[in-house]
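K.L.:
Submitted below is the structure of interest, expressed as structure tokens.
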Amino acid sequence: MLNKIILMGRLTHDPELRRTQNGTAVTGFSLAVERDFKDEDGKRATDFIDIVAWRAAAEFVAKYFTKGRMAVVEGRLQIHDWKDKDGNNRHSAEVVADNIYFGNSRKDTAAPAEPLPEELEEELPD
């Protein structure tokens, strides 16, 4: 069986690192992922996909990613079955991240970056 998902999108909020009772790092965040096709108005719909990262991946995301940052997430789909307050059966889906990568360079992000020291700035190609 194969359960593999690769997504590229922007974080919708800053990830917040938490710990389980036994100290395992976990963070949840959501990715805004544009669809590959446009609707009749010429606009692309966006899906908001819940992601959960554990252990080192959680610590990595919490340390280096912020709202608006482009990320590539490689993981697996997980479905949760639950009952709402009225007793109705519900389902929710999330991606459990195995690997998380930067989707673009810091220079390309919309968020302001810290200025580089002059000696490094001179080495960057235009």
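Note on naming: chains are A, B, ... as they come in the structure tokens, residues start from 1 per chain, ligands start from 1 in the order shown.
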Would you mind listing what lies within 8 Å of Glu94 of chain A as a list in words, with only C-alpha atoms counted and same-chain residues fewer than 5 positions away left out?
P.N.:
Ile49, Asp50, Ile51, Val52, Leu77, Gln78 and Ile79 of chain A
K.L.:
Can those selected residues be exported to a file as a JSON list (two decimals), in the first residue's frame so that it contains C-alpha atoms?
P.N.:
[["chain", "number", "residue", "atom", "x", "y", "z"],
["A", 49, "ILE", "CA", -4.62, 21.71, 4.49],
["A", 50, "ASP", "CA", -3.89, 20.83, 8.11],
["A", 51, "ILE", "CA", -0.40, 19.51, 8.80],
["A", 52, "VAL", "CA", 1.06, 17.97, 11.95],
["A", 77, "LEU", "CA", -2.63, 11.37, 4.87],
["A", 78, "GLN", "CA", -4.32, 10.47, 8.14],
["A", 79, "ILE", "CA", -8.10, 10.39, 8.67]]
K.L.:
Which polymer residues have any atom within 9 Å of an atom of Lys63 of chain A, counting only C-alpha atoms, with same-chain residues fewer than 5 positions away left out, as an NGL selection string?
P.N.:
:A and (15 or 17 or 58)
K.L.:
Could you turn the residues from that selection into a file that holds C-alpha atoms, as a tab-separated table (two decimals), in the first residue's frame?
P.N.:
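This is the output file again-v7.tsv:
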chain	number	residue	atom	x	y	z
A	15	PRO	CA	3.62	27.26	13.95
A	17	LEU	CA	5.77	24.15	19.26
A	58	ALA	CA	8.23	19.85	14.61
K.L.:
What parts of chain A does DSSP call strand (DSSP E)? I'd like the answer as a PyMOL selection string.
P.N.:
chain A and resi 5-11+18-19+25-38+44-54+70-83+89-102
K.L.:
Using only C-alpha atoms, find the one residue out of A:Val26, A:Ala57, A:Leu11, A:Leu31 that sits nearest to Arg69 of chain A.
P.N.:
A:Leu11
K.L.:
By how many Å are atom CA of Thr12 of chain A and atom CA of Asn89 of chain A apart?
P.N.:
27.7 Å
K.L.:
Mind giving me the straight-line distance from atom CA of Phe29 of chain A to atom CA of Thr46 of chain A in Å, one decimal?
P.N.:
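One can read the atom CA of Phe29 of chain A to atom CA of Thr46 of chain A distance as 15.8 Å.
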K.L.:
Determine the nearest neighbour of Phe60 of chain A from the options A:Val96, A:Leu2, A:Leu7, A:Ala25, counting only C-alpha atoms.
P.N.:
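Counting only C-alpha atoms, the residue closest to Phe60 of chain A is A:Ala25.
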K.L.:
Work out how far apart atom CA of Gly28 of chain A and atom CA of Arg10 of chain A are and give it in Å to one decimal.
P.N.:
13.7 Å
K.L.:
So which one's closest to Thr24 of chain A, A:Ala45, A:Ala56, A:Val61, A:Ala93? Using only C-alpha atoms, please.
P.N.:
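Under the stated criterion, the closest residue is A:Ala56.
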K.L.:
Which residues in chain A does DSSP call alpha helix (DSSP H)? List them as a ChimeraX atom specification.
P.N.:
/A:55-64,118-121
K.L.:
Which one is closest to Asp14 of chain A: A:Ala97, A:Met1, A:Ala62, A:Val72? Count only C-alpha atoms.
P.N.:
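Smallest separation from Asp14 of chain A among the options: A:Ala62.
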K.L.:
Calculated over only C-alpha atoms, which of the candidates A:Asn99, A:Ser92, A:Ser30, A:Asn104 has the smallest distance to Lys67 of chain A?
P.N.:
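Selected residue with least distance to Lys67 of chain A: A:Ser30.
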